[in-house]
>>> print(open('query-v1.cif').read())   # mmCIF, C-alpha atoms and all ligand atoms
data_entry
loop_
_atom_site.label_atom_id
_atom_site.label_comp_id
_atom_site.auth_asym_id
_atom_site.auth_seq_id
_atom_site.Cartn_x
_atom_site.Cartn_y
_atom_site.Cartn_z
CA MET A 1016 0.00 0.00 0.00
CA SER A 1017 1.12 3.53 -0.67
CA GLN A 1018 2.18 5.73 2.20
CA ALA A 1019 1.52 9.44 2.59
CA ARG A 1020 4.33 11.95 2.44
CA LEU A 1021 5.04 13.35 5.92
CA ILE A 1022 4.83 17.04 6.71
CA ASP A 1023 7.84 18.01 8.82
CA GLY A 1024 6.68 20.76 11.18
CA THR A 1025 9.79 20.57 13.31
CA SER A 1026 12.10 21.56 10.50
CA LEU A 1027 9.97 24.44 9.16
CA ALA A 1028 9.45 25.70 12.73
CA ARG A 1029 13.20 25.61 13.30
CA ARG A 1030 13.78 27.79 10.23
CA ILE A 1031 11.09 30.26 11.29
CA VAL A 1032 12.50 30.48 14.82
CA ALA A 1033 16.02 31.04 13.45
CA ASP A 1034 14.78 33.92 11.25
CA THR A 1035 12.81 35.29 14.19
CA ALA A 1036 15.88 35.17 16.43
CA GLU A 1037 17.82 37.18 13.86
CA ARG A 1038 15.08 39.76 13.72
CA ALA A 1039 14.88 39.88 17.52
CA ALA A 1040 18.64 40.45 17.80
CA ASP A 1041 18.54 43.18 15.19
CA LEU A 1042 15.64 44.89 16.95
CA THR A 1043 17.37 44.69 20.33
CA GLU A 1044 20.54 46.18 18.86
CA ARG A 1045 18.74 49.03 17.15
CA THR A 1046 16.40 49.99 20.00
CA GLY A 1047 18.18 48.78 23.14
CA THR A 1048 15.00 46.90 24.03
CA ALA A 1049 14.46 43.17 23.62
CA PRO A 1050 11.03 41.93 22.51
CA CYS A 1051 9.03 40.75 25.52
CA LEU A 1052 6.18 38.25 25.74
CA ALA A 1053 4.03 38.04 28.87
CA THR A 1054 2.71 34.52 29.52
CA VAL A 1055 -0.35 34.34 31.74
CA LEU A 1056 -1.30 31.07 33.36
CA VAL A 1057 -4.29 30.57 35.65
CA GLY A 1058 -4.01 27.55 37.94
CA GLU A 1059 -1.62 24.63 37.71
CA ASP A 1060 -2.98 22.26 35.10
CA PRO A 1061 0.09 20.12 34.36
CA ALA A 1062 -0.34 20.19 30.56
CA SER A 1063 -0.69 23.98 30.57
CA VAL A 1064 2.34 24.36 32.84
CA THR A 1065 4.34 22.27 30.36
CA TYR A 1066 3.14 24.19 27.28
CA VAL A 1067 3.89 27.56 28.88
CA ARG A 1068 7.34 26.35 29.89
CA MET A 1069 8.01 25.20 26.31
CA LYS A 1070 6.95 28.58 24.97
CA ARG A 1071 9.16 30.46 27.44
CA ASN A 1072 12.17 28.24 26.70
CA ARG A 1073 11.72 28.76 22.98
CA CYS A 1074 11.47 32.53 23.58
CA ARG A 1075 14.70 32.57 25.53
CA LYS A 1076 16.53 30.72 22.76
CA ALA A 1077 15.26 33.26 20.24
CA GLY A 1078 16.35 36.31 22.24
CA ILE A 1079 12.80 37.16 23.32
CA GLU A 1080 12.32 38.00 26.96
CA SER A 1081 9.34 36.55 28.72
CA ARG A 1082 7.50 37.72 31.74
CA GLN A 1083 5.72 35.00 33.64
CA VAL A 1084 2.43 35.79 35.32
CA GLU A 1085 1.06 32.91 37.38
CA LEU A 1086 -2.33 33.33 38.98
CA PRO A 1087 -4.04 30.98 41.44
CA ALA A 1088 -6.77 28.63 40.18
CA ASP A 1089 -9.45 30.60 42.06
CA THR A 1090 -8.64 33.90 40.32
CA THR A 1091 -11.86 35.67 39.33
CA THR A 1092 -12.61 36.97 35.85
CA GLU A 1093 -12.35 40.52 37.21
CA GLU A 1094 -8.90 39.88 38.66
CA LEU A 1095 -7.70 38.23 35.46
CA VAL A 1096 -9.08 41.06 33.34
CA GLY A 1097 -7.29 43.52 35.65
CA ALA A 1098 -3.97 41.68 35.23
CA LEU A 1099 -4.37 41.58 31.44
CA ARG A 1100 -5.27 45.28 31.26
CA SER A 1101 -2.16 46.22 33.19
CA LEU A 1102 -0.01 44.11 30.84
CA SER A 1103 -1.81 45.75 27.92
CA ASP A 1104 -0.84 49.17 29.33
CA ASP A 1105 2.74 48.20 30.16
CA PRO A 1106 5.15 49.56 27.50
CA GLY A 1107 7.73 46.94 28.50
CA VAL A 1108 5.44 44.11 27.31
CA HIS A 1109 4.98 43.68 23.54
CA GLY A 1110 2.93 40.52 23.37
CA ILE A 1111 0.51 38.69 25.67
CA LEU A 1112 -0.27 34.98 25.72
CA LEU A 1113 -3.16 33.88 27.92
CA GLN A 1114 -2.95 30.12 28.14
CA HIS A 1115 -6.20 28.31 27.44
CA PRO A 1116 -8.19 26.54 28.93
CA MET A 1117 -8.80 28.41 32.17
CA GLY A 1118 -11.11 27.34 35.00
CA GLU A 1119 -14.81 26.86 34.30
CA HIS A 1120 -15.66 29.89 36.44
CA ILE A 1121 -13.71 32.25 34.20
CA ASP A 1122 -15.34 34.13 31.35
CA GLU A 1123 -12.69 33.36 28.75
CA ARG A 1124 -14.01 35.77 26.18
CA ALA A 1125 -13.96 38.66 28.65
CA ALA A 1126 -10.38 37.73 29.48
CA PHE A 1127 -9.23 37.50 25.85
CA GLU A 1128 -10.86 40.86 25.08
CA ALA A 1129 -8.78 42.50 27.84
CA ILE A 1130 -5.70 41.91 25.66
CA ALA A 1131 -4.80 45.02 23.64
CA PRO A 1132 -5.18 44.15 19.92
CA GLU A 1133 -1.63 45.35 19.14
CA LYS A 1134 -0.31 42.85 21.73
CA ASP A 1135 -2.55 39.95 20.70
CA VAL A 1136 0.32 37.82 19.36
CA ASP A 1137 -1.67 34.63 20.06
CA GLY A 1138 -4.48 35.89 17.82
CA VAL A 1139 -7.32 35.26 20.25
CA THR A 1140 -9.26 38.55 20.28
CA PHE A 1141 -12.35 39.41 18.23
CA ALA A 1142 -10.25 42.03 16.43
CA SER A 1143 -7.71 39.42 15.32
CA PHE A 1144 -10.48 36.98 14.35
CA ALA A 1145 -12.04 39.63 12.13
CA THR A 1146 -8.86 40.58 10.26
CA MET A 1147 -7.98 36.90 9.89
CA SER A 1148 -11.44 36.07 8.52
CA PHE A 1149 -11.21 38.83 5.93
CA GLY A 1150 -7.69 37.78 4.92
CA LEU A 1151 -6.34 41.15 6.09
CA PRO A 1152 -2.99 41.72 7.79
CA GLY A 1153 -3.03 41.26 11.55
CA PHE A 1154 -2.19 38.58 14.07
CA VAL A 1155 -3.41 35.08 13.30
CA SER A 1156 -4.41 32.51 15.86
CA CYS A 1157 -1.12 30.62 16.27
CA THR A 1158 -2.10 27.04 15.55
CA PRO A 1159 -4.27 27.88 12.50
CA GLY A 1160 -1.58 30.28 11.27
CA GLY A 1161 1.02 27.54 11.65
CA ILE A 1162 -1.19 25.16 9.68
CA MET A 1163 -1.44 27.62 6.78
CA ARG A 1164 2.34 28.00 6.72
CA LEU A 1165 2.74 24.25 6.52
CA LEU A 1166 0.28 24.06 3.62
CA ASP A 1167 2.17 26.79 1.77
CA GLU A 1168 5.51 25.13 2.44
CA TYR A 1169 4.24 21.85 0.98
CA GLY A 1170 2.63 23.47 -2.04
CA VAL A 1171 -0.95 22.79 -0.98
CA ASP A 1172 -3.18 25.51 -2.43
CA PRO A 1173 -6.53 25.49 -0.56
CA SER A 1174 -8.32 27.27 -3.44
CA GLY A 1175 -11.27 25.25 -4.67
CA LYS A 1176 -10.55 22.32 -2.36
CA ARG A 1177 -13.14 20.75 -0.12
CA ALA A 1178 -11.81 21.38 3.37
CA VAL A 1179 -13.39 19.76 6.40
CA VAL A 1180 -12.53 21.18 9.79
CA VAL A 1181 -13.42 18.88 12.67
CA GLY A 1182 -13.87 21.13 15.72
CA ARG A 1183 -15.05 24.70 16.16
CA SER A 1184 -13.17 26.06 19.15
CA ALA A 1185 -12.57 29.80 19.28
CA ILE A 1186 -8.79 29.61 18.90
CA LEU A 1187 -8.40 26.56 16.71
CA GLY A 1188 -11.20 25.08 14.63
CA LYS A 1189 -13.16 28.23 13.90
CA PRO A 1190 -10.19 30.39 12.87
CA ALA A 1191 -8.61 27.48 10.92
CA GLY A 1192 -11.78 27.31 8.82
CA MET A 1193 -11.83 31.07 8.32
CA LEU A 1194 -8.21 31.12 7.12
CA LEU A 1195 -9.03 28.32 4.66
CA LEU A 1196 -12.12 30.21 3.49
CA ALA A 1197 -10.02 33.36 3.00
CA ARG A 1198 -7.85 31.24 0.72
CA ASP A 1199 -10.91 30.12 -1.28
CA ALA A 1200 -11.42 26.61 0.08
CA THR A 1201 -14.96 25.23 0.29
CA VAL A 1202 -15.15 24.83 4.04
CA THR A 1203 -17.32 22.53 6.13
CA TYR A 1204 -17.21 22.56 9.93
CA CYS A 1205 -17.96 19.40 11.89
CA HIS A 1206 -18.61 19.34 15.62
CA SER A 1207 -20.29 17.37 18.40
CA ARG A 1208 -23.73 17.65 16.75
CA THR A 1209 -22.59 16.61 13.30
CA ARG A 1210 -24.44 13.56 12.01
CA ASP A 1211 -22.36 10.86 10.37
CA LEU A 1212 -18.98 12.51 10.76
CA SER A 1213 -17.24 9.81 8.71
CA SER A 1214 -19.31 10.49 5.60
CA VAL A 1215 -18.51 14.21 5.76
CA VAL A 1216 -14.79 13.66 6.31
CA ARG A 1217 -14.72 11.21 3.40
CA GLU A 1218 -15.59 14.07 1.04
CA ALA A 1219 -12.58 16.13 2.09
CA ASP A 1220 -9.54 16.93 -0.02
CA LEU A 1221 -8.15 18.55 3.11
CA VAL A 1222 -8.96 17.54 6.68
CA VAL A 1223 -8.08 19.61 9.74
CA ALA A 1224 -8.67 17.63 12.93
CA ALA A 1225 -9.00 19.94 15.92
CA VAL A 1226 -11.31 18.49 18.55
CA GLY A 1227 -9.11 16.89 21.19
CA ARG A 1228 -10.52 13.36 20.83
CA PRO A 1229 -7.69 10.85 20.57
CA ARG A 1230 -7.62 8.99 17.21
CA LEU A 1231 -11.18 10.05 16.32
CA ILE A 1232 -10.39 10.22 12.59
CA ARG A 1233 -9.40 6.87 11.12
CA GLY A 1234 -7.90 5.76 7.85
CA GLU A 1235 -11.22 4.52 6.47
CA ASP A 1236 -12.58 8.09 6.84
CA ILE A 1237 -9.84 9.56 4.65
CA LYS A 1238 -10.35 10.09 0.94
CA PRO A 1239 -7.36 8.53 -0.85
CA GLY A 1240 -4.70 11.17 -1.48
CA ALA A 1241 -6.20 13.76 0.88
CA VAL A 1242 -4.13 16.20 2.94
CA VAL A 1243 -4.53 15.42 6.64
CA ILE A 1244 -3.60 17.99 9.28
CA ASP A 1245 -3.75 16.77 12.86
CA ALA A 1246 -4.04 19.72 15.24
CA GLY A 1247 -5.46 17.70 18.12
CA TYR A 1248 -3.88 18.13 21.54
CA ASN A 1249 -4.45 15.12 23.77
CA PRO A 1250 -2.53 13.84 26.75
CA GLY A 1251 0.55 11.86 25.82
CA ASN A 1252 1.23 13.47 22.42
CA VAL A 1253 -1.63 11.62 20.72
CA GLY A 1254 -3.45 13.42 17.94
CA ASP A 1255 -7.07 13.37 16.77
CA VAL A 1256 -6.06 11.24 13.81
CA ASP A 1257 -5.24 7.55 13.97
CA PHE A 1258 -1.91 8.03 12.24
CA ASP A 1259 -1.14 4.40 11.42
CA SER A 1260 -4.31 3.84 9.43
CA ALA A 1261 -4.52 7.40 8.01
CA VAL A 1262 -0.98 7.33 6.63
CA GLU A 1263 -2.03 4.46 4.35
CA ARG A 1264 -4.72 6.59 2.68
CA ALA A 1265 -3.59 10.20 2.84
CA GLY A 1266 -1.38 11.91 0.27
CA LEU A 1267 0.24 14.21 2.81
CA ILE A 1268 -0.07 14.03 6.59
CA THR A 1269 1.25 15.71 9.75
CA PRO A 1270 2.70 13.46 12.44
CA VAL A 1271 2.14 14.05 16.16
CA PRO A 1272 4.54 15.08 17.57
CA GLY A 1273 6.57 16.95 14.97
CA GLY A 1274 3.72 18.37 12.89
CA VAL A 1275 1.49 21.25 13.91
CA GLY A 1276 2.73 21.65 17.53
CA PRO A 1277 6.13 23.22 16.81
CA MET A 1278 4.53 25.54 14.24
CA THR A 1279 2.19 26.94 16.90
CA ILE A 1280 5.15 28.11 18.94
CA ALA A 1281 7.08 29.38 15.91
CA THR A 1282 4.09 31.53 14.91
CA LEU A 1283 3.81 32.91 18.44
CA LEU A 1284 7.48 33.96 18.48
CA GLU A 1285 7.33 35.44 15.01
CA GLN A 1286 4.27 37.52 15.88
CA THR A 1287 5.83 38.64 19.17
CA VAL A 1288 8.83 40.09 17.36
CA ALA A 1289 6.55 41.72 14.77
CA ALA A 1290 4.49 43.29 17.58
CA ALA A 1291 7.63 44.55 19.33
CA ALA A 1292 8.98 46.06 16.11
CA ARG A 1293 5.75 47.94 15.56
CA GLN A 1294 5.55 49.17 19.15
CA LEU A 1295 9.20 50.23 19.15
CA GLY A 1296 8.62 52.16 15.94
CA VAL A 1297 10.97 50.14 13.74
N1 LIG B 1 -3.95 30.56 24.31
C1 LIG B 1 -3.41 29.40 23.93
N2 LIG B 1 -2.66 29.35 22.82
C2 LIG B 1 -2.09 28.18 22.41
O1 LIG B 1 -1.38 28.14 21.38
C3 LIG B 1 -2.30 27.00 23.20
C4 LIG B 1 -3.10 27.12 24.34
N3 LIG B 1 -3.65 28.32 24.66
N4 LIG B 1 -3.36 26.05 25.11
C5 LIG B 1 -2.77 24.76 24.87
C6 LIG B 1 -2.42 24.56 23.42
C7 LIG B 1 -1.40 23.49 23.19
N5 LIG B 1 -0.31 24.11 22.45
C8 LIG B 1 0.80 23.43 21.99
C9 LIG B 1 1.91 24.07 21.49
C10 LIG B 1 3.02 23.37 21.05
C11 LIG B 1 3.04 22.00 21.09
C12 LIG B 1 4.25 21.27 20.60
O2 LIG B 1 5.23 21.87 20.19
N6 LIG B 1 4.26 19.94 20.65
C13 LIG B 1 5.37 19.12 20.20
C14 LIG B 1 5.67 18.02 21.18
C15 LIG B 1 6.24 18.55 22.43
C16 LIG B 1 6.67 17.45 23.36
O3 LIG B 1 7.63 16.75 23.00
O4 LIG B 1 6.05 17.30 24.41
C17 LIG B 1 5.03 18.48 18.87
O5 LIG B 1 3.84 18.35 18.54
O6 LIG B 1 5.95 18.07 18.18
C18 LIG B 1 1.94 21.33 21.55
C19 LIG B 1 0.83 22.03 21.99
C20 LIG B 1 -0.58 25.44 22.34
N7 LIG B 1 -1.75 25.77 22.90
#
>>> encode(input="query-v1.cif", output="structure tokens")
Amino acid sequence: MSQARLIDGTSLARRIVADTAERAADLTERTGTAPCLATVLVGEDPASVTYVRMKRNRCRKAGIESRQVELPADTTTEELVGALRSLSDDPGVHGILLQHPMGEHIDERAAFEAIAPEKDVDGVTFASFATMSFGLPGFVSCTPGGIMRLLDEYGVDPSGKRAVVVGRSAILGKPAGMLLLARDATVTYCHSRTRDLSSVVREADLVVAAVGRPRLIRGEDIKPGAVVIDAGYNPGNVGDVDFDSAVERAGLITPVPGGVGPMTIATLLEQTVAAAARQLGV
């Protein structure tokens, strides 16, 4: 049986981070100020702690400072909004990442909207969603933005393709579909109420799996030759796609790890340096 070509997210991410580090160094030299990302974490969910640590480590290696804000699990929406407003007003902070998910008691949307649009390097605000949806310049949601870069790198033009996005979360599925639509794909969203998911996915030339259900999408659901992007985050580095069966049917596929994940962080760093350059007037 034929095997899909693998999309190497690690290597493209490495190149983007290297370019970003050069730009960060240049900016620091010219302005005397290093780009700075504030990372905001509410509570101590182990996966979130790990992701934030990875992002901060990657920042350090790229010459981006990071400021860590850790808030207790019982932080109220008002307190979180207050913390985000003060980071938004702080000229020493150029980008803000609010790690998702937060506790059930927090109004996530209110929190995201407390991030100043010019510092929304994670692309989570309504303002960023709007520019992204219209294909206008602005900050993209990092995982969807990373996915589009991978598609471009591998010569996949979404125009005219049937794209099926499985998942409709505010910072992953929904913006991924909007970016594909902006590039002229015919986009279908699937979600928890979708009837007969398999039959919808089988129509897809391009599948983006973004629900957080381990191995939900299986090889038999994949149209032969389709492009399969696995953006699912599940415990233990397992994606939403059953890789072993999907690789037999797909034309091009992202592995987990080594696919979309590293691109998420690369996009975050790149946008942080872009935000700093703009704020420092370069
Ligand atoms: N506001 C917000 N923005 C996010 O971008 C965001 C978030 N919240 N919440 C959690 C998810 C998760 N996430 C990942 C980033 C990188 C990898 C990554 O680089 N993974 C490596 C594996 C890393 C390892 O070896 O453990 C890979 O796939 O190759 C994974 C997951 C960003 N997220």
>>> closest_residue(input="query-v1.cif", among="A:Ala1191, A:Val1155, A:Ile1130, A:Met1069", to="ligand LIG 1 (chain B)", atoms="all atoms listed in the file")
A:Met1069
>>> atom_distance(input="query-v1.cif", atom1="CA of Asp1259 in chain A", atom2="CA of Ala1281 in chain A")
26.7 Å
>>> residues_around(input="query-v1.cif", residues="range 1032-1045 of chain A", least_positions_apart="5", cutoff="7 Å", atoms="only C-alpha atoms", output="ChimeraX atom specification")
/A:1050,1077-1079,1281,1284-1285,1288,1292
>>> residues_around(input="query-v1.cif", residues="range 1108-1125 of chain A", least_positions_apart="4", cutoff="8 Å", atoms="all atoms listed in the file", output="ChimeraX atom specification")
/A:1050-1058,1063,1067,1088-1089,1091-1092,1096,1102-1103,1129-1130,1133-1137,1287,1290-1291,1294
>>> write_last_selection(input="query-v1.cif", atoms="C-alpha atoms", output="PDB file, keeping the file's coordinate frame")
ATOM      1  CA  PRO A1050      11.030  41.930  22.510  1.00  0.00           C
ATOM      2  CA  CYS A1051       9.030  40.750  25.520  1.00  0.00           C
ATOM      3  CA  LEU A1052       6.180  38.250  25.740  1.00  0.00           C
ATOM      4  CA  ALA A1053       4.030  38.040  28.870  1.00  0.00           C
ATOM      5  CA  THR A1054       2.710  34.520  29.520  1.00  0.00           C
ATOM      6  CA  VAL A1055      -0.350  34.340  31.740  1.00  0.00           C
ATOM      7  CA  LEU A1056      -1.300  31.070  33.360  1.00  0.00           C
ATOM      8  CA  VAL A1057      -4.290  30.570  35.650  1.00  0.00           C
ATOM      9  CA  GLY A1058      -4.010  27.550  37.940  1.00  0.00           C
ATOM     10  CA  SER A1063      -0.690  23.980  30.570  1.00  0.00           C
ATOM     11  CA  VAL A1067       3.890  27.560  28.880  1.00  0.00           C
ATOM     12  CA  ALA A1088      -6.770  28.630  40.180  1.00  0.00           C
ATOM     13  CA  ASP A1089      -9.450  30.600  42.060  1.00  0.00           C
ATOM     14  CA  THR A1091     -11.860  35.670  39.330  1.00  0.00           C
ATOM     15  CA  THR A1092     -12.610  36.970  35.850  1.00  0.00           C
ATOM     16  CA  VAL A1096      -9.080  41.060  33.340  1.00  0.00           C
ATOM     17  CA  LEU A1102      -0.010  44.110  30.840  1.00  0.00           C
ATOM     18  CA  SER A1103      -1.810  45.750  27.920  1.00  0.00           C
ATOM     19  CA  ALA A1129      -8.780  42.500  27.840  1.00  0.00           C
ATOM     20  CA  ILE A1130      -5.700  41.910  25.660  1.00  0.00           C
ATOM     21  CA  GLU A1133      -1.630  45.350  19.140  1.00  0.00           C
ATOM     22  CA  LYS A1134      -0.310  42.850  21.730  1.00  0.00           C
ATOM     23  CA  ASP A1135      -2.550  39.950  20.700  1.00  0.00           C
ATOM     24  CA  VAL A1136       0.320  37.820  19.360  1.00  0.00           C
ATOM     25  CA  ASP A1137      -1.670  34.630  20.060  1.00  0.00           C
ATOM     26  CA  THR A1287       5.830  38.640  19.170  1.00  0.00           C
ATOM     27  CA  ALA A1290       4.490  43.290  17.580  1.00  0.00           C
ATOM     28  CA  ALA A1291       7.630  44.550  19.330  1.00  0.00           C
ATOM     29  CA  GLN A1294       5.550  49.170  19.150  1.00  0.00           C
TER      30      GLN A1294
END
>>> residues_near_ligand(input="query-v1.cif", ligand="ligand LIG 1 (chain B)", cutoff="9 Å", atoms="only C-alpha atoms and all ligand atoms", output="PyMOL selection string")
chain A and resi 1024-1025+1062-1063+1065-1067+1069-1070+1112-1116+1127+1137-1139+1156-1158+1186-1187+1246-1249+1251-1254+1270-1281+1283
>>> atom_distance(input="query-v1.cif", atom1="CA of Leu1295 in chain A", atom2="CA of Thr1282 in chain A")
19.8 Å
>>> residues_around(input="query-v1.cif", residues="range 1224-1240 of chain A", least_positions_apart="4", cutoff="8 Å", atoms="only C-alpha atoms", output="MDAnalysis selection string")
chainID A and resid 1019 1180:1184 1187:1188 1206 1213:1214 1216:1220 1244:1249 1253:1267
>>> residues_around(input="query-v1.cif", residues="Gly1175 in chain A", least_positions_apart="2", cutoff="9 Å", atoms="all atoms listed in the file", output="PyMOL selection string")
chain A and resi 1172-1173+1177-1178+1198-1201
>>> closest_residue(input="query-v1.cif", among="A:Leu1196, A:Ala1185, A:Leu1165, A:Leu1212", to="Ile1022 in chain A", atoms="all atoms listed in the file")
A:Leu1165
>>> atom_distance(input="query-v1.cif", atom1="CA of Arg1208 in chain A", atom2="CA of Lys1189 in chain A")
15.2 Å
>>> closest_residue(input="query-v1.cif", among="A:Val1242, A:Thr1140, A:Gly1160, A:Gly1296", to="Thr1046 in chain A", atoms="all atoms listed in the file")
A:Gly1296
>>> closest_residue(input="query-v1.cif", among="A:Val1215, A:Met1147, A:Ile1268, A:Ala1241", to="Arg1020 in chain A", atoms="all atoms listed in the file")
A:Ile1268
>>> build_atoms(input="query-v1.cif", residues="range 1241-1259 of chain A", atoms="N, CA and C atoms", output="PDB file, keeping the file's coordinate frame")
ATOM      1  N   ALA A1241      -5.864  12.510   0.192  1.00  0.00           N
ATOM      2  CA  ALA A1241      -6.200  13.760   0.880  1.00  0.00           C
ATOM      3  C   ALA A1241      -5.040  14.273   1.735  1.00  0.00           C
ATOM      4  N   VAL A1242      -5.091  15.572   2.024  1.00  0.00           N
ATOM      5  CA  VAL A1242      -4.130  16.200   2.940  1.00  0.00           C
ATOM      6  C   VAL A1242      -4.737  16.146   4.337  1.00  0.00           C
ATOM      7  N   VAL A1243      -4.002  15.602   5.284  1.00  0.00           N
ATOM      8  CA  VAL A1243      -4.530  15.420   6.640  1.00  0.00           C
ATOM      9  C   VAL A1243      -3.667  16.186   7.638  1.00  0.00           C
ATOM     10  N   ILE A1244      -4.298  17.157   8.299  1.00  0.00           N
ATOM     11  CA  ILE A1244      -3.600  17.990   9.280  1.00  0.00           C
ATOM     12  C   ILE A1244      -4.165  17.667  10.658  1.00  0.00           C
ATOM     13  N   ASP A1245      -3.315  17.172  11.515  1.00  0.00           N
ATOM     14  CA  ASP A1245      -3.750  16.770  12.860  1.00  0.00           C
ATOM     15  C   ASP A1245      -3.335  17.839  13.860  1.00  0.00           C
ATOM     16  N   ALA A1246      -4.325  18.640  14.293  1.00  0.00           N
ATOM     17  CA  ALA A1246      -4.040  19.720  15.240  1.00  0.00           C
ATOM     18  C   ALA A1246      -4.568  19.374  16.626  1.00  0.00           C
ATOM     19  N   GLY A1247      -4.885  18.099  16.835  1.00  0.00           N
ATOM     20  CA  GLY A1247      -5.460  17.700  18.120  1.00  0.00           C
ATOM     21  C   GLY A1247      -4.412  17.657  19.224  1.00  0.00           C
ATOM     22  N   TYR A1248      -4.751  18.234  20.366  1.00  0.00           N
ATOM     23  CA  TYR A1248      -3.880  18.130  21.540  1.00  0.00           C
ATOM     24  C   TYR A1248      -4.546  17.194  22.528  1.00  0.00           C
ATOM     25  N   ASN A1249      -3.931  16.058  22.771  1.00  0.00           N
ATOM     26  CA  ASN A1249      -4.450  15.120  23.770  1.00  0.00           C
ATOM     27  C   ASN A1249      -3.290  14.710  24.664  1.00  0.00           C
ATOM     28  N   PRO A1250      -3.602  14.270  25.859  1.00  0.00           N
ATOM     29  CA  PRO A1250      -2.530  13.840  26.750  1.00  0.00           C
ATOM     30  C   PRO A1250      -1.651  12.787  26.077  1.00  0.00           C
ATOM     31  N   GLY A1251      -0.366  12.876  26.310  1.00  0.00           N
ATOM     32  CA  GLY A1251       0.550  11.860  25.820  1.00  0.00           C
ATOM     33  C   GLY A1251       0.919  12.004  24.356  1.00  0.00           C
ATOM     34  N   ASN A1252       0.833  13.241  23.814  1.00  0.00           N
ATOM     35  CA  ASN A1252       1.230  13.470  22.420  1.00  0.00           C
ATOM     36  C   ASN A1252       0.501  12.555  21.445  1.00  0.00           C
ATOM     37  N   VAL A1253      -0.795  12.380  21.650  1.00  0.00           N
ATOM     38  CA  VAL A1253      -1.630  11.620  20.720  1.00  0.00           C
ATOM     39  C   VAL A1253      -2.524  12.625  20.009  1.00  0.00           C
ATOM     40  N   GLY A1254      -2.629  12.493  18.701  1.00  0.00           N
ATOM     41  CA  GLY A1254      -3.450  13.420  17.940  1.00  0.00           C
ATOM     42  C   GLY A1254      -4.903  12.984  17.846  1.00  0.00           C
ATOM     43  N   ASP A1255      -5.674  13.718  17.041  1.00  0.00           N
ATOM     44  CA  ASP A1255      -7.070  13.370  16.770  1.00  0.00           C
ATOM     45  C   ASP A1255      -7.183  12.391  15.616  1.00  0.00           C
ATOM     46  N   VAL A1256      -6.062  12.137  14.961  1.00  0.00           N
ATOM     47  CA  VAL A1256      -6.060  11.240  13.810  1.00  0.00           C
ATOM     48  C   VAL A1256      -5.348   9.950  14.191  1.00  0.00           C
ATOM     49  N   ASP A1257      -5.920   8.831  13.779  1.00  0.00           N
ATOM     50  CA  ASP A1257      -5.240   7.550  13.970  1.00  0.00           C
ATOM     51  C   ASP A1257      -4.180   7.445  12.874  1.00  0.00           C
ATOM     52  N   PHE A1258      -2.975   7.851  13.234  1.00  0.00           N
ATOM     53  CA  PHE A1258      -1.910   8.030  12.240  1.00  0.00           C
ATOM     54  C   PHE A1258      -1.655   6.756  11.428  1.00  0.00           C
ATOM     55  N   ASP A1259      -1.554   5.633  12.106  1.00  0.00           N
ATOM     56  CA  ASP A1259      -1.140   4.400  11.420  1.00  0.00           C
ATOM     57  C   ASP A1259      -2.083   3.992  10.301  1.00  0.00           C
TER      58      ASP A1259
END
